[in-house]
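S.K.: Contents of upload.cif (mmCIF, C-alpha atoms) are below:
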data_model
#
loop_
_atom_site.label_atom_id
_atom_site.label_comp_id
_atom_site.auth_asym_id
_atom_site.auth_seq_id
_atom_site.Cartn_x
_atom_site.Cartn_y
_atom_site.Cartn_z
CA MET A 1 112.58 81.17 85.90
CA ALA A 2 109.82 82.94 87.77
CA HIS A 3 107.60 80.00 86.91
CA LYS A 4 109.24 77.66 89.39
CA HIS A 5 108.35 79.88 92.34
CA THR A 6 104.67 79.55 91.63
CA LYS A 7 104.60 75.90 90.65
CA ASN A 8 104.07 75.03 94.29
CA ILE A 9 100.90 77.07 94.65
CA PRO A 10 98.29 74.34 94.51
CA GLY A 11 95.43 74.74 92.08
CA THR A 12 97.05 77.69 90.33
CA THR A 13 98.26 77.90 86.74
CA ILE A 14 100.26 81.03 86.03
CA PHE A 15 99.48 82.41 82.57
CA ASP A 16 103.11 82.53 81.44
CA ALA A 17 104.93 82.19 78.12
CA ALA A 18 104.26 78.45 77.87
CA GLN A 19 100.51 78.92 78.48
CA ALA A 20 100.37 81.91 76.14
CA MET A 21 101.89 79.91 73.29
CA LYS A 22 99.74 76.87 73.95
CA GLY A 23 96.49 78.79 74.27
CA TYR A 24 96.72 81.51 71.64
CA ALA A 25 94.05 80.18 69.27
CA LEU A 26 91.66 79.40 72.13
CA ASN A 27 92.15 82.79 73.76
CA ARG A 28 91.79 84.54 70.43
CA MET A 29 88.45 82.84 69.90
CA CYS A 30 87.25 83.71 73.40
CA TYR A 31 88.37 87.33 72.95
CA SER A 32 86.09 87.49 69.90
CA PHE A 33 83.12 86.87 72.23
CA ASN A 34 83.21 90.54 73.25
CA SER A 35 80.94 90.91 70.23
CA ALA A 36 77.29 89.82 70.45
CA GLU A 37 77.38 88.92 66.77
CA ASN A 38 80.27 86.51 67.37
CA ARG A 39 78.58 84.95 70.41
CA SER A 40 75.56 84.31 68.27
CA ALA A 41 77.68 82.84 65.45
CA PHE A 42 79.30 80.45 67.94
CA LEU A 43 75.91 79.27 69.19
CA GLN A 44 74.63 78.78 65.66
CA ASP A 45 77.53 76.57 64.54
CA GLU A 46 80.03 75.75 67.25
CA ASN A 47 82.17 73.42 65.11
CA ALA A 48 82.53 75.90 62.30
CA TYR A 49 83.35 78.69 64.73
CA CYS A 50 86.07 76.67 66.49
CA ALA A 51 87.48 75.60 63.12
CA ARG A 52 87.65 79.19 61.97
CA TYR A 53 89.93 80.00 64.93
CA GLY A 54 92.05 76.88 64.46
CA LEU A 55 91.49 75.24 67.84
CA ASN A 56 93.39 71.98 68.38
CA ALA A 57 91.68 68.75 69.44
CA GLN A 58 92.37 69.30 73.15
CA GLN A 59 90.92 72.83 73.03
CA ARG A 60 87.95 71.71 70.95
CA GLU A 61 87.13 68.94 73.44
CA ALA A 62 87.42 71.30 76.43
CA ILE A 63 85.10 73.78 74.69
CA ARG A 64 82.63 71.01 73.87
CA LYS A 65 82.54 69.93 77.53
CA ARG A 66 82.41 73.56 78.85
CA ASP A 67 85.13 72.32 81.23
CA VAL A 68 87.01 75.31 82.67
CA LEU A 69 89.89 73.35 84.24
CA ALA A 70 90.43 71.56 80.92
CA LEU A 71 90.30 74.90 79.10
CA ILE A 72 93.01 76.27 81.42
CA GLU A 73 95.04 73.09 80.83
CA ALA A 74 94.68 73.76 77.10
CA GLY A 75 96.19 77.23 77.52
CA GLY A 76 93.10 79.31 78.25
CA ASN A 77 93.36 82.51 80.26
CA ILE A 78 90.55 83.11 82.73
CA TYR A 79 89.78 86.65 81.54
CA TYR A 80 89.02 85.39 78.02
CA LEU A 81 87.39 82.19 79.28
CA ALA A 82 84.98 84.37 81.28
CA LYS A 83 83.67 85.70 77.96
CA PHE A 84 83.06 82.11 76.81
CA ALA A 85 81.27 81.32 80.10
CA GLY A 86 79.20 84.47 79.62
CA ILE A 87 77.62 82.99 76.48
CA PHE A 88 75.88 80.48 78.76
CA GLY A 89 75.02 83.06 81.41
CA LEU A 90 77.61 81.65 83.81
CA ASN A 91 79.25 84.10 86.23
CA VAL A 92 82.52 83.74 88.14
CA GLN A 93 80.80 81.97 91.03
CA ASP A 94 79.37 79.33 88.68
CA VAL A 95 82.83 78.96 87.16
CA GLY A 96 84.43 78.78 90.62
CA ALA A 97 81.97 76.13 91.73
CA GLN A 98 82.67 74.04 88.63
CA GLN A 99 86.45 74.23 89.11
CA THR A 100 86.33 73.34 92.80
CA GLY A 101 83.77 70.56 92.37
CA MET A 102 81.33 72.29 94.71
CA SER A 103 77.71 73.30 94.35
CA VAL A 104 77.26 77.01 93.66
CA ASP A 105 75.66 77.41 97.10
CA ALA A 106 78.59 75.67 98.79
CA PHE A 107 81.05 77.84 96.84
CA LYS A 108 79.20 81.00 97.91
CA ALA A 109 79.22 79.79 101.53
CA LYS A 110 83.00 79.28 101.28
CA LEU A 111 83.37 82.90 100.08
CA ARG A 112 81.21 84.21 102.92
CA ALA A 113 83.22 82.19 105.43
CA ALA A 114 86.39 83.98 104.30
CA GLY A 115 84.93 87.13 105.87
CA GLY A 116 85.54 85.61 109.31
CA MET B 1 100.68 124.21 88.67
CA ALA B 2 98.71 121.00 88.92
CA ILE B 3 98.38 119.57 92.40
CA ILE B 4 97.65 116.03 93.54
CA LEU B 5 94.78 116.25 95.99
CA GLY B 6 94.81 112.64 97.05
CA GLY B 7 94.46 109.03 96.06
CA ILE B 8 91.61 106.56 96.08
CA ALA B 9 91.87 102.80 95.72
CA THR B 10 88.77 100.73 95.11
CA SER B 11 87.84 97.27 93.90
CA HIS B 12 86.30 97.09 90.42
CA ILE B 13 84.25 93.88 90.54
CA PRO B 14 81.96 93.68 87.46
CA ALA B 15 78.96 92.55 89.53
CA ILE B 16 78.99 95.99 91.20
CA GLY B 17 78.23 97.49 87.78
CA ASN B 18 75.17 95.26 87.49
CA ALA B 19 74.05 96.13 91.03
CA ILE B 20 74.28 99.85 90.15
CA ALA B 21 72.40 99.33 86.87
CA ARG B 22 69.63 97.51 88.78
CA GLY B 23 69.53 99.98 91.68
CA GLN B 24 70.34 97.29 94.27
CA GLN B 25 72.52 99.49 96.50
CA GLN B 26 70.24 98.99 99.51
CA ASP B 27 69.78 95.22 99.09
CA PRO B 28 71.18 93.22 102.02
CA TYR B 29 73.93 91.69 99.88
CA TRP B 30 75.08 95.04 98.48
CA LYS B 31 74.49 97.54 101.28
CA PRO B 32 77.68 96.65 103.22
CA LEU B 33 79.70 97.50 100.12
CA PHE B 34 77.94 100.70 99.07
CA ASP B 35 77.90 102.02 102.65
CA GLY B 36 81.65 102.50 102.34
CA TYR B 37 81.40 105.14 99.62
CA PRO B 38 79.51 108.23 100.91
CA ARG B 39 82.57 109.36 102.87
CA VAL B 40 84.52 109.42 99.59
CA HIS B 41 81.67 111.21 97.79
CA GLY B 42 81.82 113.90 100.48
CA TRP B 43 85.57 114.33 100.05
CA LEU B 44 85.27 114.54 96.25
CA ALA B 45 82.52 117.16 96.62
CA ASP B 46 84.86 119.17 98.87
CA VAL B 47 88.04 119.01 96.80
CA LYS B 48 86.33 119.00 93.36
CA PRO B 49 89.10 117.43 91.28
CA ASP B 50 89.35 118.56 87.65
CA VAL B 51 91.08 115.40 86.50
CA ALA B 52 91.19 111.76 87.59
CA VAL B 53 94.20 109.66 86.60
CA VAL B 54 92.75 106.15 86.73
CA ILE B 55 95.27 103.32 87.07
CA TYR B 56 93.56 100.04 86.20
CA ASN B 57 94.07 96.74 84.39
CA ASP B 58 92.37 95.82 81.14
CA HIS B 59 90.72 92.37 81.14
CA GLY B 60 90.55 91.83 77.38
CA LEU B 61 88.49 94.70 76.02
CA ASN B 62 91.09 97.10 74.62
CA PHE B 63 94.12 94.83 74.65
CA PHE B 64 94.57 91.25 73.50
CA LEU B 65 97.59 88.94 73.59
CA ASP B 66 98.55 89.96 70.04
CA LYS B 67 99.85 93.29 71.38
CA LEU B 68 99.86 93.62 75.15
CA PRO B 69 101.64 96.62 76.66
CA THR B 70 103.00 96.37 80.20
CA PHE B 71 102.12 100.03 80.82
CA ALA B 72 99.81 102.12 78.60
CA VAL B 73 98.62 105.70 78.97
CA GLY B 74 95.49 107.06 77.31
CA ALA B 75 95.80 110.29 75.32
CA ALA B 76 92.31 110.55 73.87
CA PHE B 77 89.65 113.25 73.93
CA GLU B 78 87.11 110.62 74.99
CA TYR B 79 87.12 107.03 76.22
CA GLN B 80 84.42 104.57 75.19
CA ASN B 81 83.17 101.57 77.15
CA GLU B 82 81.94 98.50 75.24
CA ASP B 83 80.40 95.06 75.64
CA GLU B 84 82.82 92.72 77.45
CA GLY B 85 80.86 89.62 76.62
CA TRP B 86 79.25 88.64 79.90
CA GLY B 87 76.36 90.97 80.36
CA LEU B 88 77.48 94.31 81.78
CA SER B 89 75.69 97.11 79.91
CA PRO B 90 78.11 99.65 78.46
CA VAL B 91 78.03 103.09 80.09
CA SER B 92 78.39 106.44 78.35
CA PRO B 93 81.85 107.72 77.35
CA PHE B 94 84.25 109.54 79.66
CA PRO B 95 85.90 112.82 78.71
CA GLY B 96 89.70 112.86 78.46
CA GLU B 97 92.33 115.52 79.20
CA PRO B 98 94.74 114.83 76.33
CA ARG B 99 97.05 117.78 76.92
CA LEU B 100 97.88 116.54 80.41
CA SER B 101 98.05 112.97 79.03
CA TRP B 102 100.80 114.01 76.63
CA HIS B 103 102.64 115.86 79.37
CA ILE B 104 102.56 112.70 81.52
CA ILE B 105 103.71 110.60 78.55
CA GLU B 106 106.63 112.92 77.80
CA SER B 107 107.61 113.08 81.45
CA LEU B 108 107.39 109.29 81.94
CA VAL B 109 109.55 108.52 78.92
CA ALA B 110 112.11 111.11 80.01
CA ASP B 111 112.01 109.39 83.40
CA GLY B 112 112.80 105.96 81.93
CA PHE B 113 109.27 104.52 81.59
CA ASP B 114 108.84 103.60 77.92
CA ILE B 115 105.08 103.35 78.00
CA THR B 116 102.63 102.74 75.16
CA THR B 117 100.52 105.73 74.12
CA CYS B 118 96.88 105.28 73.13
CA GLN B 119 94.89 107.88 71.20
CA GLU B 120 92.08 105.34 71.15
CA MET B 121 91.43 103.27 74.26
CA ARG B 122 88.28 101.36 75.12
CA VAL B 123 87.97 101.29 78.90
CA ASP B 124 86.52 98.18 80.54
CA HIS B 125 84.87 97.52 83.92
CA GLY B 126 88.24 98.04 85.61
CA PHE B 127 87.81 101.72 84.75
CA THR B 128 84.04 102.20 84.55
CA VAL B 129 82.88 100.46 87.75
CA PRO B 130 85.12 102.61 90.00
CA MET B 131 83.98 105.76 88.14
CA SER B 132 80.34 104.79 88.79
CA LEU B 133 81.12 104.03 92.45
CA LEU B 134 82.95 107.31 93.02
CA TRP B 135 80.68 109.57 90.93
CA PRO B 136 77.25 107.91 91.10
CA ASP B 137 75.53 110.90 89.50
CA ARG B 138 76.88 111.07 85.96
CA SER B 139 74.98 114.32 85.34
CA GLU B 140 77.37 116.05 87.77
CA HIS B 141 80.25 114.10 86.38
CA ALA B 142 82.52 116.80 85.04
CA VAL B 143 85.81 115.19 85.95
CA ARG B 144 88.12 114.56 82.99
CA THR B 145 90.02 111.29 82.93
CA ILE B 146 93.38 109.80 82.01
CA PRO B 147 93.43 106.00 81.97
CA VAL B 148 96.69 104.23 82.79
CA SER B 149 96.67 100.49 82.18
CA ILE B 150 98.99 97.97 83.86
CA ASN B 151 99.24 94.44 82.44
CA THR B 152 97.95 91.78 84.85
CA VAL B 153 96.97 89.26 82.14
CA GLN B 154 100.19 87.93 80.64
CA HIS B 155 103.15 87.02 82.87
CA PRO B 156 105.78 88.31 83.31
CA LEU B 157 103.90 91.13 85.08
CA PRO B 158 105.75 94.26 86.16
CA THR B 159 107.08 93.91 89.69
CA PRO B 160 105.44 95.67 92.63
CA ALA B 161 108.58 97.80 92.99
CA ARG B 162 108.38 98.84 89.33
CA CYS B 163 104.69 99.77 89.66
CA TYR B 164 105.41 101.80 92.79
CA ARG B 165 108.16 103.66 90.90
CA LEU B 166 105.83 104.18 87.93
CA GLY B 167 103.44 105.83 90.36
CA LYS B 168 106.21 108.09 91.64
CA ALA B 169 107.02 109.09 88.06
CA ILE B 170 103.32 109.83 87.41
CA GLY B 171 103.28 111.97 90.53
CA ARG B 172 106.33 113.94 89.36
CA ALA B 173 104.73 114.35 85.93
CA ILE B 174 101.46 115.72 87.31
CA GLU B 175 103.19 118.11 89.66
CA SER B 176 105.34 119.54 86.88
CA TYR B 177 102.30 120.45 84.74
CA ASP B 178 101.91 124.17 84.14
CA GLU B 179 98.12 124.43 84.34
CA ASP B 180 96.26 124.95 87.62
CA LEU B 181 94.42 121.66 87.95
CA GLY B 182 93.37 119.56 90.92
CA VAL B 183 94.13 115.89 90.25
CA VAL B 184 93.00 112.76 92.06
CA VAL B 185 94.87 109.51 91.40
CA ILE B 186 92.66 106.42 91.44
CA ALA B 187 93.76 102.80 91.64
CA THR B 188 91.30 100.06 90.80
CA GLY B 189 91.29 96.32 91.47
CA GLY B 190 91.83 93.83 94.25
CA LEU B 191 91.85 92.98 96.94
CA SER B 192 92.45 89.24 97.36
CA HIS B 193 90.68 86.95 94.90
CA GLN B 194 91.29 84.08 92.55
CA LEU B 195 88.98 83.17 89.68
CA ASP B 196 90.86 80.28 88.08
CA GLY B 197 91.91 76.78 89.00
CA GLU B 198 91.06 74.49 91.90
CA ARG B 199 92.12 77.37 94.16
CA ALA B 200 89.24 79.54 92.86
CA GLY B 201 87.51 81.38 95.70
CA PHE B 202 90.75 82.01 97.60
CA ILE B 203 90.45 85.12 99.81
CA ASN B 204 93.00 86.29 102.42
CA ARG B 205 91.51 88.77 104.87
CA GLN B 206 94.62 89.00 107.05
CA PHE B 207 96.90 89.82 104.11
CA ASP B 208 94.48 92.41 102.69
CA LEU B 209 94.12 94.22 106.01
CA MET B 210 97.91 94.23 106.44
CA CYS B 211 98.29 95.76 102.95
CA MET B 212 95.61 98.41 103.57
CA LYS B 213 97.36 99.43 106.77
CA LYS B 214 100.96 99.40 105.53
CA ILE B 215 100.31 101.17 102.24
CA VAL B 216 99.54 104.41 104.10
CA ALA B 217 102.91 105.03 105.78
CA HIS B 218 105.14 102.12 104.70
CA PRO B 219 104.45 101.42 101.03
CA GLN B 220 108.13 100.54 100.42
CA SER B 221 107.72 97.38 102.49
CA LEU B 222 104.88 96.24 100.20
CA ALA B 223 106.81 97.23 97.07
CA ARG B 224 109.42 94.62 98.11
CA LEU B 225 106.92 91.79 97.57
CA SER B 226 107.38 89.68 94.43
CA ILE B 227 104.67 88.68 91.95
CA PRO B 228 104.77 85.06 93.26
CA ASP B 229 104.35 86.48 96.80
CA LEU B 230 101.26 88.35 95.64
CA VAL B 231 99.79 85.35 93.80
CA ARG B 232 100.39 83.16 96.84
CA GLN B 233 99.00 85.59 99.42
CA ALA B 234 96.38 87.56 97.47
CA GLY B 235 95.37 85.02 94.81
CA ALA B 236 96.04 84.89 91.08
CA GLN B 237 93.94 88.02 90.42
CA GLY B 238 94.88 89.62 93.74
CA VAL B 239 97.97 90.82 91.86
CA GLU B 240 95.75 93.78 91.02
CA PHE B 241 97.25 95.24 94.19
CA LEU B 242 99.91 96.50 91.75
CA MET B 243 97.52 99.35 90.90
CA TRP B 244 97.24 100.34 94.56
CA LEU B 245 101.03 100.55 94.81
CA ALA B 246 101.23 102.73 91.70
CA MET B 247 98.58 105.08 93.11
CA ARG B 248 100.43 105.30 96.43
CA GLY B 249 103.67 106.05 94.59
CA ALA B 250 102.02 109.06 92.93
CA LEU B 251 101.28 110.68 96.29
CA THR B 252 104.46 112.61 96.77
CA GLY B 253 103.45 114.84 99.69
CA ARG B 254 102.40 114.20 103.27
CA VAL B 255 99.96 111.31 103.08
CA SER B 256 97.24 110.60 105.59
CA LYS B 257 94.37 108.14 105.58
CA LEU B 258 90.92 109.72 105.59
CA HIS B 259 88.82 106.59 105.16
CA SER B 260 88.99 102.87 104.56
CA HIS B 261 86.41 100.16 104.08
CA TYR B 262 86.67 96.40 103.61
CA HIS B 263 83.99 93.81 102.92
CA ILE B 264 83.96 90.06 102.11
CA PRO B 265 82.65 88.85 99.74
CA ILE B 266 81.45 90.68 96.67
CA SER B 267 81.23 88.05 93.98
CA ASN B 268 84.52 86.08 94.41
CA THR B 269 86.43 89.02 95.83
CA ALA B 270 87.38 90.86 99.00
CA ALA B 271 86.29 94.43 98.29
CA GLY B 272 88.56 97.20 99.53
CA LEU B 273 88.32 100.98 99.54
CA LEU B 274 90.93 103.46 100.68
CA LEU B 275 90.97 107.27 100.61
CA LEU B 276 94.31 109.01 101.10
CA GLU B 277 94.86 112.73 101.33
CA ASN B 278 98.02 114.17 99.81
CA ALA B 279 99.06 117.42 101.49
CA ALA B 280 101.81 119.50 99.97
CA VAL B 281 104.97 119.34 102.03
CA ASP B 282 105.54 122.87 103.23
CA ALA B 283 109.29 123.49 103.29
CA THR B 284 108.89 126.34 105.75
CA MET B 285 107.52 123.87 108.30
CA ILE B 286 110.55 121.62 107.95
CA PHE B 287 113.07 124.48 107.82
CA PRO B 288 111.43 127.34 109.73
#
Would it be possible to restate this file's structure as structure tokens?
M.R.:
Amino acid sequence: MAHKHTKNIPGTTIFDAAQAMKGYALNRMCYSFNSAENRSAFLQDENAYCARYGLNAQQREAIRKRDVLALIEAGGNIYYLAKFAGIFGLNVQDVGAQQTGMSVDAFKAKLRAAGG
Amino acid sequence: MAIILGGIATSHIPAIGNAIARGQQQDPYWKPLFDGYPRVHGWLADVKPDVAVVIYNDHGLNFFLDKLPTFAVGAAFEYQNEDEGWGLSPVSPFPGEPRLSWHIIESLVADGFDITTCQEMRVDHGFTVPMSLLWPDRSEHAVRTIPVSINTVQHPLPTPARCYRLGKAIGRAIESYDEDLGVVVIATGGLSHQLDGERAGFINRQFDLMCMKKIVAHPQSLARLSIPDLVRQAGAQGVEFLMWLAMRGALTGRVSKLHSHYHIPISNTAAGLLLLENAAVDATMIFP
């Protein structure tokens, strides 16, 4: 399986068949956040919104904690999770900082340093 | 006959769309990126393409996991942009060129590429940000568009070799079209970046620069990479280099580099820009 070749890339979860099956409800909910009306409905009643999309307990807990690594573990795909993060005004640098356990400033400095 | 004037590859980072909307092109953070583009504007003003075939990846605006095509070709009269959820203001619609779209579709299927056809296709930042970068003045923006989407969301992704061959088939399709049109083939995405996981923020300058160099005259060597190679060396979202390979495949003539630009970082990404000219191969020069 192609999966085994990428298992040894540290800190990387390939969004493959197993992740797609595990995360479908979560990703479907996050995809709905393209719509401003749905983002507002989520903010008004988070529990009801998650229930409507049939999230499991692991996904519900990761959503409650706004924990991106846990959301990926629960089958989330980053492109849809970005729409969830957007509800709280978080951009990809905020999300990167959270996942790497760095401050946003330290994460930005790491990106600049890659320029050599 | 339609002719392929050249190819352009550019990053499509959403934050660029915000910078354009806010008029921040001259801000210290943004200037090093935007300074790369006037050379391309000059070329586009010279060659005046009628049509842009834009090869990009959808990030969850038009396609979801319920039905996710590996390759999709737009065949609409117009393409709408919409809210993607995280704050980029939608831009006005882009005109299509459906007759050429259908010719490309027929030619691709005859050529063994069983693509999905879309008479409605919402185009996301992967399409709109490059269009805004390349044609900053929408009032002069007469170019008609044909979006081609490559799946980079759900693995298995198409291999680099397959995307390169798709590009070749697109090139053959364009060049067999009976109408006199000038066509530019645009690839969007990349270069190295990773948004997800503990490896978020991964950027690989050396790999990107190698790719930008080799794609001009030795694209076959890059087409031999695997998806795991790309994830490892360019990052999980650096696989967007697939679009660059498809664009390069479409350039069937004598290819030369007119311009390239590279800047780290924009948002979480190494931003790349490449302008390739595609000159018709004149048989009388080879066999005088």
S.K.: Specify as number ranges by chain all residues of chain B found within 8 Å of chain A, counting all atoms listed in the file.
M.R.: B: 59-61, 64-65, 83-87, 153-156, 195-205, 228, 231-232, 236, 263-265, 267-268
S.K.: With C-alpha atoms retained, write the just-selected residues as a JSON list (two decimals), in the coordinates of the input.
M.R.:
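This went into selection.json:
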[["chain", "number", "residue", "atom", "x", "y", "z"],
["B", 59, "HIS", "CA", 90.72, 92.37, 81.14],
["B", 60, "GLY", "CA", 90.55, 91.83, 77.38],
["B", 61, "LEU", "CA", 88.49, 94.70, 76.02],
["B", 64, "PHE", "CA", 94.57, 91.25, 73.50],
["B", 65, "LEU", "CA", 97.59, 88.94, 73.59],
["B", 83, "ASP", "CA", 80.40, 95.06, 75.64],
["B", 84, "GLU", "CA", 82.82, 92.72, 77.45],
["B", 85, "GLY", "CA", 80.86, 89.62, 76.62],
["B", 86, "TRP", "CA", 79.25, 88.64, 79.90],
["B", 87, "GLY", "CA", 76.36, 90.97, 80.36],
["B", 153, "VAL", "CA", 96.97, 89.26, 82.14],
["B", 154, "GLN", "CA", 100.19, 87.93, 80.64],
["B", 155, "HIS", "CA", 103.15, 87.02, 82.87],
["B", 156, "PRO", "CA", 105.78, 88.31, 83.31],
["B", 195, "LEU", "CA", 88.98, 83.17, 89.68],
["B", 196, "ASP", "CA", 90.86, 80.28, 88.08],
["B", 197, "GLY", "CA", 91.91, 76.78, 89.00],
["B", 198, "GLU", "CA", 91.06, 74.49, 91.90],
["B", 199, "ARG", "CA", 92.12, 77.37, 94.16],
["B", 200, "ALA", "CA", 89.24, 79.54, 92.86],
["B", 201, "GLY", "CA", 87.51, 81.38, 95.70],
["B", 202, "PHE", "CA", 90.75, 82.01, 97.60],
["B", 203, "ILE", "CA", 90.45, 85.12, 99.81],
["B", 204, "ASN", "CA", 93.00, 86.29, 102.42],
["B", 205, "ARG", "CA", 91.51, 88.77, 104.87],
["B", 228, "PRO", "CA", 104.77, 85.06, 93.26],
["B", 231, "VAL", "CA", 99.79, 85.35, 93.80],
["B", 232, "ARG", "CA", 100.39, 83.16, 96.84],
["B", 236, "ALA", "CA", 96.04, 84.89, 91.08],
["B", 263, "HIS", "CA", 83.99, 93.81, 102.92],
["B", 264, "ILE", "CA", 83.96, 90.06, 102.11],
["B", 265, "PRO", "CA", 82.65, 88.85, 99.74],
["B", 267, "SER", "CA", 81.23, 88.05, 93.98],
["B", 268, "ASN", "CA", 84.52, 86.08, 94.41]]
S.K.: Give me the result of the PyMOL selection byres ((chain B and resi 177) around 8) on this file, residue by residue, as a PDB file with C-alpha atoms, in the frame of the given file.
M.R.:
ATOM      1  CA  MET B   1     100.680 124.210  88.670  1.00  0.00           C
ATOM      2  CA  ALA B   2      98.710 121.000  88.920  1.00  0.00           C
ATOM      3  CA  LEU B 100      97.880 116.540  80.410  1.00  0.00           C
ATOM      4  CA  HIS B 103     102.640 115.860  79.370  1.00  0.00           C
ATOM      5  CA  ALA B 173     104.730 114.350  85.930  1.00  0.00           C
ATOM      6  CA  ILE B 174     101.460 115.720  87.310  1.00  0.00           C
ATOM      7  CA  GLU B 175     103.190 118.110  89.660  1.00  0.00           C
ATOM      8  CA  SER B 176     105.340 119.540  86.880  1.00  0.00           C
ATOM      9  CA  ASP B 178     101.910 124.170  84.140  1.00  0.00           C
ATOM     10  CA  GLU B 179      98.120 124.430  84.340  1.00  0.00           C
TER      11      GLU B 179
END
S.K.: Which one of B:Pro130, B:Gly112, B:Gly23, B:Gly190 sits closest to B:Ile8 if you count all atoms listed in the file?
M.R.: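 Of all the options, B:Pro130 lies closest to B:Ile8.
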S.K.: Please provide the set of residues having any atom within 8 Å of B:His12, restricted to all atoms listed in the file, with same-chain residues fewer than 3 positions apart removed, written as a list in words.
M.R.: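 Answer for this query is Ile16, His125, Gly126, Phe127, Val129, Pro130, Thr188, Gly189 and Gly190 of chain B.
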S.K.: May I have the residues within 10 Å of B:Val239 as an MDAnalysis selection string, using all atoms listed in the file and disregarding those fewer than 4 positions away in the same chain?
M.R.: chainID B and resid 152:153 157 159:160 189:194 226:235 243:244
S.K.: Given the PyMOL selection byres ((chain A and resi 74) around 7) and the file above, list the residues it selects as a ChimeraX atom specification.
M.R.: /A:22-23,58-59,70-73,75-76
S.K.: With C-alpha atoms retained, write the just-selected residues as an mmCIF file, keeping the file's coordinate frame.
M.R.:
data_model
loop_
_atom_site.group_PDB
_atom_site.id
_atom_site.type_symbol
_atom_site.label_atom_id
_atom_site.label_comp_id
_atom_site.auth_asym_id
_atom_site.auth_seq_id
_atom_site.Cartn_x
_atom_site.Cartn_y
_atom_site.Cartn_z
ATOM 1 C CA LYS A 22 99.740 76.870 73.950
ATOM 2 C CA GLY A 23 96.490 78.790 74.270
ATOM 3 C CA GLN A 58 92.370 69.300 73.150
ATOM 4 C CA GLN A 59 90.920 72.830 73.030
ATOM 5 C CA ALA A 70 90.430 71.560 80.920
ATOM 6 C CA LEU A 71 90.300 74.900 79.100
ATOM 7 C CA ILE A 72 93.010 76.270 81.420
ATOM 8 C CA GLU A 73 95.040 73.090 80.830
ATOM 9 C CA GLY A 75 96.190 77.230 77.520
ATOM 10 C CA GLY A 76 93.100 79.310 78.250
#
S.K.: So what do you get for atom CA of B:Leu134 versus atom CA of B:Glu82, distance-wise?
M.R.: 19.9 Å
S.K.: Quick check on the file I pasted: which residues fall under the PyMOL selection byres ((chain B and resi 119) around 6)? Write them as a list in words.
M.R.: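 Taken over the shown coordinates, the PyMOL selection byres ((chain B and resi 119) around 6) returns Ala75, Ala76, Cys118 and Glu120 of chain B.
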S.K.: May I ask for the distance between atom CA of B:Phe77 and atom CA of B:Leu5, given in Å to one decimal place?
M.R.: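 Interatomic distance here is 22.8 Å.
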S.K.: Could you add N, CA and C atoms to stretch 90-102 of chain A and give me the result as a PDB file, keeping the file's coordinate frame?
M.R.:
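This went into part.pdb:
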ATOM      1  N   LEU A  90      76.901  82.079  82.601  1.00  0.00           N
ATOM      2  CA  LEU A  90      77.610  81.650  83.810  1.00  0.00           C
ATOM      3  C   LEU A  90      78.481  82.797  84.330  1.00  0.00           C
ATOM      4  N   ASN A  91      78.404  83.063  85.636  1.00  0.00           N
ATOM      5  CA  ASN A  91      79.250  84.100  86.230  1.00  0.00           C
ATOM      6  C   ASN A  91      80.451  83.455  86.925  1.00  0.00           C
ATOM      7  N   VAL A  92      81.272  84.273  87.562  1.00  0.00           N
ATOM      8  CA  VAL A  92      82.520  83.740  88.140  1.00  0.00           C
ATOM      9  C   VAL A  92      82.275  82.808  89.326  1.00  0.00           C
ATOM     10  N   GLN A  93      81.092  82.919  89.950  1.00  0.00           N
ATOM     11  CA  GLN A  93      80.800  81.970  91.030  1.00  0.00           C
ATOM     12  C   GLN A  93      80.403  80.605  90.463  1.00  0.00           C
ATOM     13  N   ASP A  94      79.673  80.604  89.349  1.00  0.00           N
ATOM     14  CA  ASP A  94      79.370  79.330  88.680  1.00  0.00           C
ATOM     15  C   ASP A  94      80.666  78.668  88.221  1.00  0.00           C
ATOM     16  N   VAL A  95      81.561  79.480  87.668  1.00  0.00           N
ATOM     17  CA  VAL A  95      82.830  78.960  87.160  1.00  0.00           C
ATOM     18  C   VAL A  95      83.701  78.463  88.328  1.00  0.00           C
ATOM     19  N   GLY A  96      83.684  79.207  89.434  1.00  0.00           N
ATOM     20  CA  GLY A  96      84.430  78.780  90.620  1.00  0.00           C
ATOM     21  C   GLY A  96      83.900  77.477  91.184  1.00  0.00           C
ATOM     22  N   ALA A  97      82.590  77.364  91.224  1.00  0.00           N
ATOM     23  CA  ALA A  97      81.970  76.130  91.730  1.00  0.00           C
ATOM     24  C   ALA A  97      82.362  74.944  90.856  1.00  0.00           C
ATOM     25  N   GLN A  98      82.310  75.140  89.536  1.00  0.00           N
ATOM     26  CA  GLN A  98      82.670  74.040  88.630  1.00  0.00           C
ATOM     27  C   GLN A  98      84.123  73.602  88.846  1.00  0.00           C
ATOM     28  N   GLN A  99      85.023  74.563  88.989  1.00  0.00           N
ATOM     29  CA  GLN A  99      86.450  74.230  89.110  1.00  0.00           C
ATOM     30  C   GLN A  99      86.790  73.568  90.442  1.00  0.00           C
ATOM     31  N   THR A 100      86.033  73.893  91.484  1.00  0.00           N
ATOM     32  CA  THR A 100      86.330  73.340  92.800  1.00  0.00           C
ATOM     33  C   THR A 100      85.469  72.115  93.109  1.00  0.00           C
ATOM     34  N   GLY A 101      84.605  71.736  92.163  1.00  0.00           N
ATOM     35  CA  GLY A 101      83.770  70.560  92.370  1.00  0.00           C
ATOM     36  C   GLY A 101      82.730  70.755  93.453  1.00  0.00           C
ATOM     37  N   MET A 102      82.319  72.004  93.667  1.00  0.00           N
ATOM     38  CA  MET A 102      81.330  72.290  94.710  1.00  0.00           C
ATOM     39  C   MET A 102      80.016  72.712  94.047  1.00  0.00           C
TER      40      MET A 102
END
